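Okay, input-v1.txt now, which holds compact mmCIF, C-alpha atoms and all ligand atoms:
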# COMPACT_ATOMS: atom_id res chain seq x y z
CA MET A 1 -7.00 -20.78 -12.17
CA ASN A 2 -5.77 -18.01 -14.33
CA ASN A 3 -2.96 -18.21 -16.79
CA ARG A 4 -0.68 -15.25 -16.54
CA GLU A 5 1.87 -13.72 -18.82
CA PRO A 6 4.64 -12.09 -16.86
CA ASP A 7 6.30 -11.12 -20.11
CA CYS A 8 3.53 -8.70 -21.03
CA ILE A 9 4.92 -6.03 -18.72
CA ALA A 10 4.58 -2.78 -20.59
CA THR A 11 6.06 -0.10 -18.40
CA GLU A 12 5.74 2.69 -20.92
CA ASN A 13 2.26 1.79 -22.06
CA THR A 14 0.16 4.88 -21.44
CA GLN A 15 -3.05 3.44 -22.93
CA ASP A 16 -5.81 2.47 -20.62
CA SER A 17 -7.62 -0.62 -21.80
CA SER A 18 -11.10 0.55 -20.78
CA SER A 19 -12.16 1.49 -24.32
CA LEU A 20 -11.58 -2.08 -25.53
CA ARG A 21 -14.12 -3.70 -23.20
CA SER A 22 -17.49 -4.93 -24.42
CA ALA A 23 -20.70 -3.61 -22.84
CA GLU A 24 -21.15 -6.98 -21.15
CA LEU A 25 -17.68 -6.88 -19.63
CA ARG A 26 -18.19 -3.31 -18.48
CA ARG A 27 -21.34 -4.46 -16.63
CA ASP A 28 -19.38 -7.35 -15.13
CA PHE A 29 -16.59 -5.03 -13.95
CA LYS A 30 -19.11 -2.53 -12.62
CA GLN A 31 -20.47 -5.24 -10.38
CA ASN A 32 -17.23 -6.99 -9.40
CA ILE A 33 -14.47 -4.40 -9.57
CA PRO A 34 -16.06 -0.93 -9.70
CA GLU A 35 -12.85 0.52 -8.20
CA LEU A 36 -11.02 -0.16 -11.48
CA LEU A 37 -13.66 1.69 -13.51
CA GLN A 38 -13.58 4.59 -11.07
CA LEU A 39 -9.81 4.81 -11.35
CA GLU A 40 -9.95 4.72 -15.16
CA ARG A 41 -12.56 7.50 -15.11
CA LEU A 42 -10.21 9.66 -13.03
CA ILE A 43 -7.34 8.91 -15.41
CA ARG A 44 -9.46 10.02 -18.38
CA GLN A 45 -10.68 13.16 -16.63
CA HIS A 46 -7.25 14.49 -15.61
CA PRO A 47 -4.72 13.60 -18.31
CA GLN A 48 -2.88 16.90 -17.83
CA HIS A 49 -1.77 16.05 -14.28
CA LEU A 50 -0.75 12.41 -14.41
CA ARG A 51 1.25 9.79 -16.25
CA VAL A 52 -0.28 6.32 -16.31
CA HIS A 53 1.70 3.14 -16.86
CA THR A 54 0.28 -0.34 -17.29
CA GLU A 55 2.92 -2.20 -15.30
CA LEU A 56 1.41 -5.57 -16.11
CA THR A 57 -1.64 -7.06 -17.78
CA LEU A 58 -3.08 -10.03 -15.90
CA HIS A 59 -5.38 -12.64 -17.41
CA ALA A 60 -8.16 -14.44 -15.55
CA ARG A 61 -11.57 -15.81 -16.52
CA GLN A 62 -10.91 -14.82 -20.15
CA HIS A 63 -10.59 -11.16 -19.14
CA GLU A 64 -7.66 -8.76 -19.04
CA PHE A 65 -6.85 -6.84 -15.88
CA PRO A 66 -4.46 -3.90 -16.03
CA LEU A 67 -2.17 -3.21 -13.10
CA TYR A 68 -1.83 0.57 -13.29
CA SER A 69 0.66 2.89 -11.72
CA ILE A 70 -0.06 6.60 -11.75
CA THR A 71 2.74 9.11 -11.41
CA LEU A 72 2.48 12.81 -10.71
CA GLY A 73 4.97 15.54 -10.05
CA SER A 74 8.71 15.78 -10.59
CA VAL A 75 10.72 13.50 -12.89
CA ASP A 76 13.99 14.72 -11.35
CA THR A 77 15.74 11.82 -9.59
CA ALA A 78 16.94 14.28 -6.93
CA ALA A 79 13.32 14.76 -5.82
CA PRO A 80 11.96 12.68 -2.92
CA THR A 81 9.24 10.12 -3.58
CA LEU A 82 6.00 9.04 -2.00
CA LEU A 83 4.56 5.69 -3.09
CA LEU A 84 0.95 4.90 -2.11
CA MET A 85 -0.45 1.41 -2.66
CA GLY A 86 -3.78 -0.28 -2.10
CA GLY A 87 -5.60 -3.48 -2.89
CA MET A 88 -2.73 -5.89 -2.32
CA HIS A 89 -5.28 -8.19 -0.71
CA GLY A 90 -8.31 -8.41 -2.98
CA LEU A 91 -10.81 -8.49 -0.13
CA GLU A 92 -9.54 -5.28 1.38
CA ARG A 93 -11.23 -2.98 -1.12
CA ILE A 94 -11.45 -0.10 1.29
CA GLY A 95 -7.71 0.56 0.90
CA SER A 96 -8.13 1.07 -2.86
CA GLN A 97 -11.22 3.18 -2.27
CA VAL A 98 -9.44 5.46 0.23
CA LEU A 99 -6.56 5.97 -2.21
CA ILE A 100 -8.87 6.69 -5.14
CA ALA A 101 -10.85 9.16 -3.02
CA TRP A 102 -7.63 10.92 -1.99
CA LEU A 103 -6.41 10.98 -5.60
CA GLN A 104 -9.70 12.48 -6.76
CA THR A 105 -9.39 15.31 -4.23
CA LEU A 106 -5.77 15.86 -5.18
CA LEU A 107 -6.54 16.05 -8.91
CA GLU A 108 -9.42 18.49 -8.37
CA ARG A 109 -7.23 20.68 -6.15
CA LEU A 110 -4.45 20.66 -8.73
CA ASN A 111 -6.80 22.56 -11.04
CA TRP A 112 -6.97 25.59 -8.74
CA ASP A 113 -4.52 25.27 -5.82
CA SER A 114 -1.20 26.88 -6.78
CA TYR A 115 0.33 25.87 -3.41
CA LEU A 116 -0.33 22.21 -4.16
CA GLN A 117 0.97 22.65 -7.72
CA GLN A 118 4.26 23.98 -6.28
CA GLN A 119 4.48 21.08 -3.81
CA LEU A 120 3.91 18.49 -6.50
CA ALA A 121 6.59 20.04 -8.71
CA GLN A 122 9.16 19.17 -6.03
CA LEU A 123 8.45 15.50 -5.43
CA GLN A 124 7.50 12.36 -7.30
CA LEU A 125 4.17 10.85 -6.29
CA VAL A 126 3.45 7.29 -7.43
CA LEU A 127 0.15 5.52 -6.77
CA ILE A 128 -0.75 1.87 -7.31
CA PRO A 129 -4.35 1.93 -6.13
CA ILE A 130 -5.25 -1.63 -7.19
CA PHE A 131 -2.20 -3.85 -6.86
CA ASN A 132 -4.12 -7.15 -7.07
CA PRO A 133 -6.95 -6.54 -9.55
CA VAL A 134 -7.63 -10.24 -10.19
CA GLY A 135 -7.98 -10.96 -6.45
CA MET A 136 -10.32 -7.99 -6.12
CA TYR A 137 -12.40 -9.15 -9.07
CA LEU A 138 -12.62 -12.66 -7.60
CA ASN A 139 -13.28 -11.24 -4.12
CA GLN A 140 -10.39 -13.11 -2.52
CA ARG A 141 -7.36 -12.13 -0.50
CA SER A 142 -4.81 -13.84 -2.72
CA ASN A 143 -3.98 -13.13 -6.35
CA GLY A 144 -5.34 -15.15 -9.30
CA ASN A 145 -2.90 -17.99 -8.58
CA GLY A 146 -4.07 -18.28 -4.98
CA VAL A 147 -0.86 -16.71 -3.63
CA ASP A 148 -0.88 -14.10 -0.87
CA LEU A 149 1.25 -11.33 -2.38
CA ASN A 150 2.39 -10.22 1.06
CA ARG A 151 3.66 -13.69 2.04
CA ASN A 152 5.40 -14.28 -1.28
CA ALA A 153 8.79 -12.56 -0.92
CA PRO A 154 11.86 -14.81 -0.49
CA ILE A 155 12.36 -14.18 3.20
CA ASN A 156 11.70 -16.41 6.23
CA ALA A 157 10.64 -15.33 9.69
CA GLU A 158 13.18 -15.73 12.51
CA GLY A 159 10.74 -17.11 15.05
CA ASP A 160 7.28 -18.55 15.40
CA VAL A 161 4.58 -17.26 13.08
CA PRO A 162 0.80 -17.62 13.53
CA LEU A 163 -0.49 -20.93 12.14
CA LEU A 164 -1.44 -20.34 8.46
CA GLY A 165 -1.70 -16.55 8.87
CA GLY A 166 2.05 -16.14 9.10
CA GLY A 167 2.41 -17.73 5.65
CA HIS A 168 2.47 -21.42 4.66
CA ARG A 169 3.26 -23.71 1.73
CA LEU A 170 0.36 -26.15 2.07
CA GLY A 171 -1.33 -24.99 -1.10
CA PRO A 172 -3.36 -22.22 -2.74
CA PHE A 173 -6.65 -23.64 -1.40
CA LEU A 174 -5.92 -21.98 1.96
CA PRO A 175 -5.42 -18.23 2.46
CA TRP A 176 -1.93 -16.86 3.25
CA TYR A 177 -0.27 -19.28 0.81
CA ARG A 178 3.34 -18.23 0.11
CA GLY A 179 3.72 -19.95 -3.26
CA ARG A 180 6.08 -22.82 -4.04
CA LYS A 181 9.49 -22.92 -2.41
CA ASN A 182 12.28 -21.49 -4.60
CA ALA A 183 9.77 -20.33 -7.24
CA HIS A 184 9.97 -16.79 -8.61
CA MET A 185 7.81 -14.20 -6.93
CA GLU A 186 4.37 -13.67 -8.46
CA ALA A 187 4.13 -11.42 -11.54
CA GLU A 188 2.56 -8.55 -9.57
CA ASN A 189 5.50 -8.55 -7.13
CA ILE A 190 8.07 -8.76 -9.92
CA ALA A 191 6.41 -5.78 -11.62
CA LEU A 192 6.56 -3.89 -8.34
CA GLU A 193 10.22 -4.80 -7.88
CA LYS A 194 10.99 -3.36 -11.33
CA LEU A 195 9.13 -0.18 -10.46
CA MET A 196 11.07 0.06 -7.17
CA GLN A 197 14.37 -0.28 -8.97
CA ALA A 198 13.50 2.21 -11.71
CA ARG A 199 11.65 4.90 -9.78
CA ILE A 200 11.83 4.52 -6.00
CA PHE A 201 15.22 3.25 -4.75
CA ASN A 202 17.15 5.81 -6.80
CA ARG A 203 15.70 8.77 -4.88
CA PRO A 204 17.32 10.53 -1.92
CA PHE A 205 14.28 9.80 0.24
CA SER A 206 11.25 7.61 -0.30
CA LEU A 207 8.28 6.89 1.85
CA VAL A 208 5.71 4.16 1.15
CA VAL A 209 2.21 3.75 2.58
CA ASP A 210 0.53 0.45 1.70
CA LEU A 211 -3.16 0.42 2.70
CA HIS A 212 -4.77 -2.68 4.21
CA SER A 213 -7.71 -3.47 6.48
CA GLY A 214 -8.87 -6.20 8.77
CA PHE A 215 -6.69 -6.30 11.88
CA GLY A 216 -7.80 -4.92 15.23
CA MET A 217 -10.10 -2.22 16.56
CA ARG A 218 -7.88 0.76 15.78
CA ASP A 219 -6.16 2.18 12.74
CA GLN A 220 -2.52 1.19 12.88
CA LEU A 221 0.62 2.23 11.07
CA TRP A 222 3.13 -0.60 10.97
CA PHE A 223 6.72 -0.50 9.89
CA PRO A 224 9.16 -3.39 9.30
CA TYR A 225 10.31 -5.81 10.31
CA ALA A 226 7.68 -8.50 10.00
CA TYR A 227 10.26 -11.31 9.93
CA ARG A 228 12.15 -10.57 13.17
CA LYS A 229 11.66 -8.90 16.52
CA LYS A 230 14.69 -6.67 16.26
CA PRO A 231 14.78 -2.94 15.56
CA ILE A 232 15.16 -1.97 11.94
CA HIS A 233 18.24 0.01 10.91
CA ASN A 234 16.11 3.14 10.35
CA ILE A 235 14.32 2.83 13.69
CA ALA A 236 15.26 6.42 14.64
CA GLU A 237 13.73 7.78 11.43
CA TYR A 238 10.50 5.89 12.11
CA VAL A 239 10.30 7.24 15.66
CA ALA A 240 10.98 10.76 14.32
CA LEU A 241 8.13 10.35 11.81
CA LYS A 242 5.82 8.98 14.51
CA MET A 243 6.57 11.94 16.79
CA LEU A 244 6.18 14.41 13.91
CA TRP A 245 2.72 12.99 13.18
CA GLU A 246 1.65 12.87 16.83
CA ARG A 247 2.84 16.41 17.59
CA THR A 248 1.26 17.83 14.44
CA TYR A 249 -2.07 16.00 14.81
CA PRO A 250 -2.46 15.30 18.53
CA ASN A 251 -6.15 14.40 18.21
CA HIS A 252 -5.55 11.55 15.82
CA THR A 253 -5.42 8.04 17.18
CA TYR A 254 -3.35 5.92 14.83
CA VAL A 255 -1.16 3.42 16.65
CA PHE A 256 2.34 3.65 15.18
CA GLU A 257 4.45 0.52 15.83
CA PRO A 258 6.75 -2.12 14.36
CA GLN A 259 4.74 -4.97 12.89
CA SER A 260 6.71 -7.51 14.95
CA VAL A 261 4.97 -6.24 18.09
CA HIS A 262 1.81 -7.94 16.75
CA TYR A 263 3.03 -11.03 14.93
CA LEU A 264 5.83 -12.31 12.72
CA SER A 265 5.25 -13.45 9.16
CA HIS A 266 7.14 -15.07 6.29
CA GLY A 267 7.56 -13.47 2.91
CA ASP A 268 6.68 -9.88 3.79
CA LEU A 269 7.11 -7.69 0.74
CA TRP A 270 8.18 -4.60 2.68
CA ASP A 271 10.85 -6.47 4.62
CA TYR A 272 12.15 -7.69 1.28
CA PHE A 273 12.19 -4.29 -0.40
CA TYR A 274 13.64 -2.64 2.68
CA LEU A 275 16.57 -5.08 2.73
CA GLN A 276 17.01 -4.63 -1.01
CA ALA A 277 17.12 -0.84 -0.64
CA ARG A 278 19.71 -1.18 2.16
CA ALA A 279 21.86 -3.44 0.01
CA GLN A 280 21.83 -0.71 -2.64
CA GLN A 281 22.95 1.98 -0.18
CA GLN A 282 19.52 3.64 -0.21
CA THR A 283 19.64 5.05 3.31
CA HIS A 284 16.16 6.55 3.47
CA PHE A 285 13.58 4.09 2.21
CA LEU A 286 10.76 3.99 4.75
CA PRO A 287 7.83 1.66 4.02
CA LEU A 288 4.71 1.76 6.19
CA THR A 289 1.55 -0.32 6.18
CA LEU A 290 -1.73 1.28 7.18
CA GLU A 291 -3.94 -1.38 8.76
CA MET A 292 -7.43 0.06 9.03
CA GLY A 293 -9.09 -1.44 12.08
CA SER A 294 -12.13 -3.17 10.62
CA TRP A 295 -13.17 -4.83 13.88
CA ALA A 296 -14.60 -1.49 15.01
CA TRP A 297 -16.93 -1.48 11.98
CA ILE A 298 -18.02 -5.03 12.80
CA LYS A 299 -18.65 -4.15 16.45
CA LYS A 300 -21.04 -1.41 15.38
CA HIS A 301 -22.74 -3.60 12.79
CA PRO A 302 -22.26 -7.24 13.88
CA ARG A 303 -24.19 -8.73 10.96
CA GLN A 304 -21.21 -7.77 8.78
CA VAL A 305 -19.39 -10.78 10.16
CA PHE A 306 -21.61 -13.04 8.03
CA ASN A 307 -20.25 -11.83 4.72
CA MET A 308 -16.62 -11.96 3.65
CA ALA A 309 -16.48 -8.37 2.39
CA GLY A 310 -17.92 -7.21 5.71
CA LEU A 311 -14.91 -8.55 7.61
CA PHE A 312 -12.62 -6.16 5.79
CA ASN A 313 -14.75 -3.22 4.65
CA PRO A 314 -17.24 -0.83 6.24
CA GLN A 315 -20.71 -1.79 4.97
CA MET A 316 -22.93 1.03 6.17
CA GLN A 317 -22.92 4.00 3.82
CA HIS A 318 -22.30 6.68 6.46
CA ARG A 319 -19.44 4.68 7.95
CA HIS A 320 -17.95 4.06 4.53
CA ALA A 321 -17.98 7.80 3.78
CA ARG A 322 -16.43 8.50 7.18
CA VAL A 323 -13.57 6.07 6.49
CA LEU A 324 -12.96 7.68 3.08
CA ARG A 325 -12.76 11.09 4.80
CA SER A 326 -10.82 10.10 7.86
CA HIS A 327 -7.55 9.11 6.17
CA LEU A 328 -7.25 12.09 3.83
CA LEU A 329 -5.32 14.04 6.44
CA LEU A 330 -2.83 11.22 7.02
CA LEU A 331 -2.09 10.96 3.30
CA ASP A 332 -1.70 14.76 3.02
CA PHE A 333 0.70 14.58 5.96
CA MET A 334 2.75 11.85 4.28
CA LEU A 335 3.03 14.04 1.17
CA ALA A 336 4.26 16.99 3.26
CA ALA A 337 6.63 14.79 5.30
CA THR A 338 8.15 13.44 2.07
CA LEU A 339 8.59 16.88 0.56
CA ASN A 340 10.13 18.27 3.78
CA TYR A 341 12.16 15.24 4.82
CA ARG A 342 15.28 17.32 5.44
CA ASN A 343 13.42 19.27 8.13
CA TRP A 344 12.63 16.31 10.35
CA LEU A 345 15.12 13.49 9.66
CA PRO A 346 17.22 13.12 12.83
CA ASP A 347 20.93 13.92 12.96
CA GLU A 348 23.47 11.47 14.48
CA LYS A 349 22.94 12.66 18.06
CA GLN A 350 19.16 12.56 17.77
CA ARG A 351 19.36 9.10 16.21
CA GLY A 352 20.91 7.74 19.40
CA ILE A 353 18.17 9.19 21.59
CA LEU A 354 15.37 8.08 19.28
CA SER A 355 16.79 4.54 19.08
CA GLN A 356 16.74 4.37 22.88
CA THR A 357 13.14 5.57 22.83
CA ALA A 358 12.29 2.76 20.41
CA ASN A 359 14.04 0.21 22.60
CA SER A 360 12.08 1.22 25.66
CA LEU A 361 8.79 1.28 23.72
CA TRP A 362 9.04 -1.99 21.81
CA PHE A 363 12.26 -3.97 22.16
CA ARG A 364 12.94 -4.53 25.83
ZN ZN B 1 -3.99 -6.86 3.84

Take the structure in the file and write it out as C-alpha cells.
Amino acid sequence: MNNREPDCIATENTQDSSSLRSAELRRDFKQNIPELLQLERLIRQHPQHLRVHTELTLHARQHEFPLYSITLGSVDTAAPTLLLMGGMHGLERIGSQVLIAWLQTLLERLNWDSYLQQQLAQLQLVLIPIFNPVGMYLNQRSNGNGVDLNRNAPINAEGDVPLLGGGHRLGPFLPWYRGRKNAHMEAENIALEKLMQARIFNRPFSLVVDLHSGFGMRDQLWFPYAYRKKPIHNIAEYVALKMLWERTYPNHTYVFEPQSVHYLSHGDLWDYFYLQARAQQQTHFLPLTLEMGSWAWIKKHPRQVFNMAGLFNPQMQHRHARVLRSHLLLLDFMLAATLNYRNWLPDEKQRGILSQTANSLWFR
C-alpha cells in the first residue's frame, strides 16, 4: 500500500519531475506508465503554449508520481472553460492516450494555425490526462489506496445499485471500493476539487469531458446524474448539446444519455461537483463522461478477454490507432461548443421544449 502526502499539493509548481528520475526508474516507467513519459515529452517540447501545474505528488513503491494539469489559452475569468480528463481508472489507459494524442495535434497546430490561436485566446483549456497515475502504474482500476476515485465522493445513490460495481465499503481488496465511511475524499479528488474551485466553477460556462472505457459495444456520452433517476437541472442544456452534436456530425454514432439510464452508483465525482457548482450559483457547469465501448474491440479480438488490459483497451495496433483518431473530432467539437456556448444554449422557451424531449426520451 502506498503512503501518500496530501499536503504536498503544489499548485504553482511548474517543474516537471522527469529530470530527477534515475535511468532505472525511467526504464520502469517506460514499461509501466509510458503515457506519463509521453506527456512529459510534450510538455518539454511546447513550453510556449502551455502552463503545467503539479497538482499533487503521489508516493507508491518508493517512487514519486506527479499529477499534472496542463492549461492553455485565456486566463480571463470571463472566458469559458473546457476541462478534459483521462486515466481516472488506472486500467483504462486508452482515455489518457486519446487525450495525449489530441493534445499533441493541438500543440502542433498551434505552431501554424492562426485560427486555432485565436480560438484558444478566448477560452481556458485545462487537461488532466493522467488523473490516477499510481493506479495506471500498478495496472489497476483504483488508486494506490485501493479506492475507486469515481465511487469516492460523499454522495449516496437513491435506489438500487449493481452489486459491487455501484460502489461498496467491503474493503480495498475488491474493485469499486468507495473508501471508509465519513473519511475525507482521496488526495487526487481533493486536488481536483481545489482545481474546480480555483479555475472551473468561477467561469461563466464550463464543460467537462472525462474519458473512460469498458462499458458496452458503442461509444457513449453520459451526463449526470449517476445517483438518481431524475432529470438534472440542466437537462435542457444537455439535450441542446446532444442535438448540436448530432446535427453537426450526423454520421457519428455516440449514444448521448443520462448515466442513470444504465445504472446508478454511489460516490460519483461528477454528481458531486455538479451539485457543488449549483450550490455556488454556477448555472452552466456541464460534466460529461465519454465511455469508449471496449466490448466491440473484444468482439473483434476475443483473446483480449484473457488479459486485464485487453478488457479496457484496444490491443491490435490498427484498432488502437483508429481509436486515437476517431475521437479527435469529438474533442474539437467540445472546444468549439465551449467557445460558442452563447450561440447554442437554449433560452427559457426552448428550455421547456427540450426538457419535455428529455422526459419522453429517458424519464417516463
Ligand atoms: Zn472508468

Point-to-point distance from atom CA of Asn182 of chain A to atom CA of Leu170 of chain A, Å rounded to tenths: 14.4 Å

Expected residue set, 8 Å radius at (11.2, 2.4, 0.6), only C-alpha atoms, as a list in words: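 Protein and nucleic acid residues near the point are Ile200, Phe201, Ser206, Leu207, Val208, Trp270, Phe273, Tyr274, Ala277, His284, Phe285, Leu286 and Pro287 of chain A.
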
Site check for ligand ZN 1 (chain B): residues at most 7 Å away, all atoms listed in the file, as a PyMOL selection string: chain A and resi 88-89+92+212-214

Export of the given selection (C-alpha atoms) as an mmCIF file, in the frame of the given file:
data_model
loop_
_atom_site.group_PDB
_atom_site.id
_atom_site.type_symbol
_atom_site.label_atom_id
_atom_site.label_comp_id
_atom_site.auth_asym_id
_atom_site.auth_seq_id
_atom_site.Cartn_x
_atom_site.Cartn_y
_atom_site.Cartn_z
ATOM 1 C CA MET A 88 -2.730 -5.890 -2.320
ATOM 2 C CA HIS A 89 -5.280 -8.190 -0.710
ATOM 3 C CA GLU A 92 -9.540 -5.280 1.380
ATOM 4 C CA HIS A 212 -4.770 -2.680 4.210
ATOM 5 C CA SER A 213 -7.710 -3.470 6.480
ATOM 6 C CA GLY A 214 -8.870 -6.200 8.770
#

From A:Leu67, A:Met196, A:Ile235, A:Val98, residue lying nearest Gln356 of chain A [all atoms listed in the file]: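 Once distances to Gln356 of chain A are computed over all atoms listed in the file, the minimum belongs to A:Ile235.
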
Residue among A:Arg203, A:Arg218, A:His327, A:His252 lying closest to Gln281 of chain A, counting all atoms listed in the file: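 Of the candidates, the smallest distance to Gln281 of chain A is held by A:Arg203.
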
Contacts of Asp268 of chain A within 6 Å, all atoms listed in the file, excl. fewer than 2 positions in-chain, as a ChimeraX atom specification: /A:150-151,153,266,270-271

Nearby residues (only C-alpha atoms) at most 7 Å from segment 290-293 of chain A, same-chain spacing under 4 positions excluded, as an MDAnalysis selection string: chainID A and resid 209:222

Among listed residues A:Leu192, A:Leu37, A:Ala183, A:Ala240, nearest Asp347 of chain A (using all atoms listed in the file):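 The answer is A:Ala240, which sits nearest to Asp347 of chain A.
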
Separation of atom CA of Asp148 of chain A from atom CA of Ala198 of chain A, in Å and rounded to one decimal: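 Here the two named atoms are 24.3 Å from each other.
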
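One finds atom CA of Asn139 of chain A at 5.8 Å from atom CA of Gly90 of chain A.
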
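Using all atoms listed in the file, the protein and nucleic acid residues lying no more than 12 Å from Gln117 of chain A, apart from those fewer than 3 places from it along its own chain, are A:His49, A:Leu72, A:Gly73, A:Ser74, A:Leu106, A:Leu107, A:Glu108, A:Arg109, A:Leu110, A:Asn111, A:Trp112, A:Asp113, A:Ser114, A:Leu120, A:Ala121, A:Gln122, A:Leu123.
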
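Of the residues under consideration (A:Leu331, A:Val147, A:Ala279, A:Ala60), A:Leu331 shows the shortest atom-to-atom contact distance to Leu127 of chain A when counting all atoms listed in the file.
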
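Counting only C-alpha atoms and comparing A:Asn152, A:Gln48, A:Asn145, A:Gln350, the residue that lies closest to Gly166 of chain A is A:Asn152.
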
Long-range neighbours of segment 24-32 of chain A as a PyMOL selection string, 9 Å cut-off, all atoms listed in the file, 2 positions minimum in chain: chain A and resi 18+21-22+34-37+63+136-139

Distance query Leu354 of chain A at most 12 Å, all atoms listed in the file, self and fewer than 4 positions along chain excluded, as a list in words: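 My reading of the contact set: Pro231, His233, Asn234, Ile235, Ala236, Glu237, Tyr238, Val239, Ala240, Leu241, Lys242, Met243, Leu345, Pro346, Asp347, Glu348, Lys349, Gln350, Ala358, Asn359, Ser360 and Leu361 of chain A.
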
Proximity to Gln119 of chain A - best of A:Ala337, A:Leu56, A:Arg41, A:Ile94, all atoms listed in the file: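 Of the candidates, the smallest distance to Gln119 of chain A is held by A:Ala337.
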